[in-house]
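Undergrad: Shown below is the structure under consideration.
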Protein chains: 2
Amino acid sequence: MRGVYVTNSNEFTTPTPVAAICGATRNLPETRLKQGVNLFHQGDRVHWIYQVKTGVVRLTRLLENGRRQVIAFGYPGDIVGFPLDGQHHTDCEGLSNATLQRYRRSALEDGDGDPQMHRDLLQAALREISAMQDHFMMLGRKSALEKVASFICVLTDRVGQSVGNYKQVSLPMSRSDIADFLGLTTETVSRSLTQLRKRKAIAIDNIYTIVILRPDVLRELSLGDHD
Amino acid sequence: MRGVYVTNSNEFTTPTPVAAICGATRNLPETRLKQGVNLFHQGDRVHWIYQVKTGVVRLTRLLENGRRQVIAFGYPGDIVGFPLDGQHHTDCEGLSNATLQRYRRSALEDGDGDPQMHRDLLQAALREISAMQDHFMMLGRKSALEKVASFICVLTDRVGQSVGNYKQVSLPMSRSDIADFLGLTTETVSRSLTQLRKRKAIAIDNIYTIVILRPDVLRELSLGDHD
DNA sequence: CGGGTTCTTGACTATCTTCAACGAAAGTGG
DNA sequence: CCACTTTCGTTGAAGATAGTCAAGAACCCG
């Protein structure tokens, strides 16, 4: 969940609506992405790499037979759109309205006259690799309850907000996005959340807002040290 | 399975045997790694990044409670040891005797006077990201049989050898390595291999050598288009 | 050849998925 | 603005898949 999350990047050739994208110039060109709109698609040529400034985006990959895997959620600070052979290898869609700063692909690949930006983008790629390794542990070696607890933990550490004595975290993604991220079904995600609620580890304020009642309990459950 | 697989790199500070490492100089310093010996550990400071020249290495990550995830197998051409914050984030061990060419960490991070090498290492990092995304699909959205079939398919495409009319692939790793790579148990890996054998998709010559009898069947099974 | 490890197979169990129903929320059109 | 429709989330019951435990076979090593 930490660091960069995506994979590849470019949008001008996308076969779906890109109307939501328009560069609002500050220092660097900024892109506005509306909720539900695609920034780029698997297979698009990569012209830009993006850093999420506000909002949340979702990176997905489709299997031949329609099964879907959510590769990552991109939160502010994350960089999405790493190319391979000049192509995007995931879809990217806004889960909320989002703004992104864009960088030429060449800024990553040959520096493009800005060594500092070059270094930063490379660091982002390395962070991405490490973050994906964390995700592997989650997908491969955790039970449903542990996965959901881990997911909430990581998200809380990354983007949790303090409200009174508690921390809370907003989940702009649907249950099925979470399921496809964790390798579960929506039903199992729902049941796991219910179980966390029944154990008083969390409270579900509304469907998109979770309050962490017992961070310690949640962390234990996420590690699998539970009864 | 394609591209680079590891994560971080450095070996001189490793708490375990590094005796197997000794620079045999050709153009660039070469490292020899004996079977069963660690090249680096999770948490080690990174001094070098390695490209596998011969042999196979294994990259693993440990969970707090002892559960293990195999992040990748490094075959010739793959680069292992990408750093994050100057540290290795996986263990790396030789599955067979292996030789690796090493590059200064600085060759990745600032070019170190060789722009071409710098570009190559960056490309390797991007390939790594894409390869990990493939791995996600496998971990999250495939059945046991599909995982094992995919594993053999990818390995065959990457390092399979033609023998007569058939291709074969050698598996230098143990069943439990495969299990930890695919998020399964050794028993399930074994049962899946048996099922592939019973369906005449593969033949198991000896435990470490698999002959592909029906690539088409194997591929179908890996995609989940099976009865 | 013998001993230890790894692999395979079987029986049973746990976990997660599937299928189905229901309720809540959100979107649509009058 | 409200009724209608559709989607999304939760819950339950039944079934399937993979895990666990246990035993035997194959392989490796000295």
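Starting from 1 in every chain, residues are counted up; chains themselves are A, B, ... following the order of the structure tokens, and ligands are numbered from 1 as listed.
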Kindly assemble as a Markdown table a list of the chain D residues that lie within 10 Å of segment 177-200 of chain B, each paired with its nearest atom pair and their distance in Å to one decimal, using only C-alpha atoms (C1' of nucleotides), sorted first by chain and then by ascending residue number.

TA:
| residue | atom | partner | partner_atom | distance |
| --- | --- | --- | --- | --- |
| D:DA18 | C1' | B:Thr188 | CA | 7.1 |
| D:DG19 | C1' | B:Thr185 | CA | 7.4 |
| D:DT20 | C1' | B:Glu187 | CA | 10.0 |

Undergrad: Please write the residues from the selection above to a file, keeping C-alpha atoms (C1' of nucleotides), as a PDB file, in the first residue's frame.

TA:
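Wrote it out as out21.pdb, contents follow:
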ATOM      1  C1'  DA D  18      -7.487 -26.330  -0.802  1.00  0.00           C
ATOM      2  C1'  DG D  19      -5.445 -27.264   3.809  1.00  0.00           C
ATOM      3  C1'  DT D  20      -4.212 -30.468   7.585  1.00  0.00           C
TER       4       DT D  20
END

Undergrad: Mind listing the helix (DSSP H, G or I) residues of segment 99-164 of chain B, per DSSP on the backbone, as a PyMOL selection string?

TA: chain B and resi 105-109+115-141+144-159

Undergrad: Could you give me, as an MDAnalysis selection string, each residue of chain A that DSSP assigns to strand (DSSP E) when run on this structure's backbone?

TA: chainID A and resid 24:25 29:33 38:40 48:54 57:62 68:74 79:80 91:94 98:104 161:163 166:170 202:206 209:212

Undergrad: Produce a table with one row for each residue of chain A that has an atom at most 7 Å from any atom of chain B, each row naming the nearest atom pair and its distance in Å at one decimal; use only C-alpha atoms; arrange rows by chain and rising residue number; format as a Markdown table.

TA:
| residue | atom | partner | partner_atom | distance |
| --- | --- | --- | --- | --- |
| A:Thr7 | CA | B:Ser130 | CA | 6.7 |
| A:Arg67 | CA | B:Arg141 | CA | 6.9 |
| A:Gln69 | CA | B:Met137 | CA | 5.9 |
| A:Ile71 | CA | B:Gln133 | CA | 6.7 |
| A:Phe82 | CA | B:Leu126 | CA | 6.9 |
| A:Pro83 | CA | B:Leu126 | CA | 6.8 |
| A:Leu84 | CA | B:Leu126 | CA | 6.0 |
| A:Glu109 | CA | B:Arg119 | CA | 6.8 |
| A:Arg119 | CA | B:Glu109 | CA | 6.8 |
| A:Leu126 | CA | B:Leu84 | CA | 5.9 |
| A:Arg127 | CA | B:Leu84 | CA | 6.2 |
| A:Ile129 | CA | B:Ile129 | CA | 6.0 |
| A:Ser130 | CA | B:Thr7 | CA | 6.5 |
| A:Gln133 | CA | B:Ile71 | CA | 6.8 |
| A:Met137 | CA | B:Gln69 | CA | 6.0 |
| A:Leu139 | CA | B:Gly140 | CA | 5.9 |
| A:Gly140 | CA | B:Gly183 | CA | 4.2 |
| A:Arg141 | CA | B:Gly183 | CA | 6.0 |
| A:Leu182 | CA | B:Gly140 | CA | 6.8 |
| A:Gly183 | CA | B:Gly140 | CA | 4.2 |

Undergrad: Can you list every residue of chain C that has an atom at most 12 Å from segment 202-216 of chain B, with its nearest atom pair and the distance in Å to one decimal, using only C-alpha atoms (C1' of nucleotides), ordered by chain then number, as a tab-separated table?

TA:
residue	atom	partner	partner_atom	distance
C:DT6	C1'	B:Ile207	CA	9.9
C:DC7	C1'	B:Ile207	CA	8.2
C:DT8	C1'	B:Ile207	CA	10.9

Undergrad: Write out, as a JSON list (two decimals), in the first residue's frame, the residues just selected, with N, CA and C atoms (P, O5', C5', C4', C3', O3' and C1' of nucleotides).

TA:
[["chain", "number", "residue", "atom", "x", "y", "z"],
["C", 6, "DT", "P", 14.02, -31.63, 3.20],
["C", 6, "DT", "O5'", 13.29, -32.22, 1.90],
["C", 6, "DT", "C5'", 14.07, -32.70, 0.82],
["C", 6, "DT", "C4'", 13.16, -33.41, -0.16],
["C", 6, "DT", "C3'", 11.87, -32.64, -0.48],
["C", 6, "DT", "O3'", 11.74, -32.62, -1.89],
["C", 6, "DT", "C1'", 11.38, -34.85, 0.12],
["C", 7, "DC", "P", 10.59, -31.87, -2.63],
["C", 7, "DC", "O5'", 9.61, -33.06, -3.06],
["C", 7, "DC", "C5'", 10.10, -34.10, -3.90],
["C", 7, "DC", "C4'", 9.05, -35.17, -4.02],
["C", 7, "DC", "C3'", 7.67, -34.68, -4.46],
["C", 7, "DC", "O3'", 7.31, -35.38, -5.64],
["C", 7, "DC", "C1'", 7.52, -36.16, -2.59],
["C", 8, "DT", "P", 5.91, -35.11, -6.35],
["C", 8, "DT", "O5'", 4.98, -36.23, -5.72],
["C", 8, "DT", "C5'", 5.25, -37.59, -5.99],
["C", 8, "DT", "C4'", 4.27, -38.47, -5.24],
["C", 8, "DT", "C3'", 2.80, -38.26, -5.56],
["C", 8, "DT", "O3'", 2.28, -39.50, -6.02],
["C", 8, "DT", "C1'", 3.15, -38.38, -3.22]]

Undergrad: Which residue gives the smallest distance to DG9 of chain D among C:DT18, C:DT9, C:DC1, C:DA25, with only C-alpha atoms (C1' of nucleotides) counted?

TA: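 The closest residue to DG9 of chain D is C:DA25.
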
Undergrad: Please measure the separation of atom CA of His47 of chain A and atom CA of Ala98 of chain A, giving the value in Å to one decimal.

TA: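 These atoms are spaced 19.1 Å apart.
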
Undergrad: Which residues are close to DA14 of chain D, i.e. within 10 Å by only C-alpha atoms (C1' of nucleotides), leaving aside same-chain residues fewer than 2 positions away? Reply as a list in words.

TA: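 Final neighbour list, sorted by chain and number: DT18 and DC19 of chain C; DG12 and DA16 of chain D.
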
Undergrad: Have a look at C:DG23, C:DG3, C:DC12, C:DT17 and name the one nearest to chain A; count only C-alpha atoms (C1' of nucleotides).

TA: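 Closest residue, counting only C-alpha atoms (C1' of nucleotides): C:DT17.
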
Undergrad: Using only C-alpha atoms (C1' of nucleotides), pick whichever of A:Leu39, A:Val163, A:Leu145, A:Cys153 has the shortest atom-to-atom distance to chain C.

TA: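 Among the listed residues, A:Leu145 lies closest to chain C.
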
Undergrad: Using only C-alpha atoms (C1' of nucleotides), which of the listed residues (B:Ala149, B:Met173, B:Val52, B:Val159) sits closest to chain C?

TA: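 Looking only at the distances to chain C, the closest residue turns out to be B:Met173.
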
Undergrad: For atom CA of Pro172 of chain B and atom C1' of DG24 of chain D, quote the distance in Å rounded to one decimal.

TA: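 Atom C1' of DG24 of chain D lies at a distance of 24.7 Å from atom CA of Pro172 of chain B.
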
Undergrad: Pick out the chain D residues within 9 Å of chain A. Count only C-alpha atoms (C1' of nucleotides). Give them as a ChimeraX atom specification.

TA: /D:8-11

Undergrad: Please write the residues from the selection above to a file, keeping N, CA and C atoms (P, O5', C5', C4', C3', O3' and C1' of nucleotides), as a CSV table (one decimal), in the first residue's frame.

TA:
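Saved the output as part.csv:
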chain,number,residue,atom,x,y,z
D,8,DC,P,-22.6,-1.8,-9.0
D,8,DC,O5',-22.7,-1.8,-7.4
D,8,DC,C5',-22.9,-0.6,-6.7
D,8,DC,C4',-23.1,-1.0,-5.2
D,8,DC,C3',-22.0,-2.0,-4.7
D,8,DC,O3',-21.4,-1.4,-3.6
D,8,DC,C1',-24.3,-2.7,-4.2
D,9,DG,P,-20.3,-2.2,-2.8
D,9,DG,O5',-21.1,-2.8,-1.5
D,9,DG,C5',-21.7,-1.9,-0.6
D,9,DG,C4',-22.5,-2.7,0.4
D,9,DG,C3',-21.7,-3.7,1.2
D,9,DG,O3',-21.8,-3.5,2.6
D,9,DG,C1',-23.7,-4.6,0.3
D,10,DT,P,-21.0,-4.4,3.6
D,10,DT,O5',-22.1,-5.5,4.1
D,10,DT,C5',-23.3,-5.0,4.7
D,10,DT,C4',-24.3,-6.1,4.9
D,10,DT,C3',-23.8,-7.3,5.7
D,10,DT,O3',-24.6,-7.4,6.9
D,10,DT,C1',-24.9,-8.0,3.8
D,11,DT,P,-24.1,-8.4,8.1
D,11,DT,O5',-24.9,-9.7,7.7
D,11,DT,C5',-26.3,-9.8,7.7
D,11,DT,C4',-26.8,-11.1,7.1
D,11,DT,C3',-26.2,-12.3,7.7
D,11,DT,O3',-27.2,-13.0,8.4
D,11,DT,C1',-26.4,-12.5,5.3

Undergrad: Atom CA of Arg32 of chain A and atom CA of Gln168 of chain A are how many Å apart?

TA: 26.4 Å
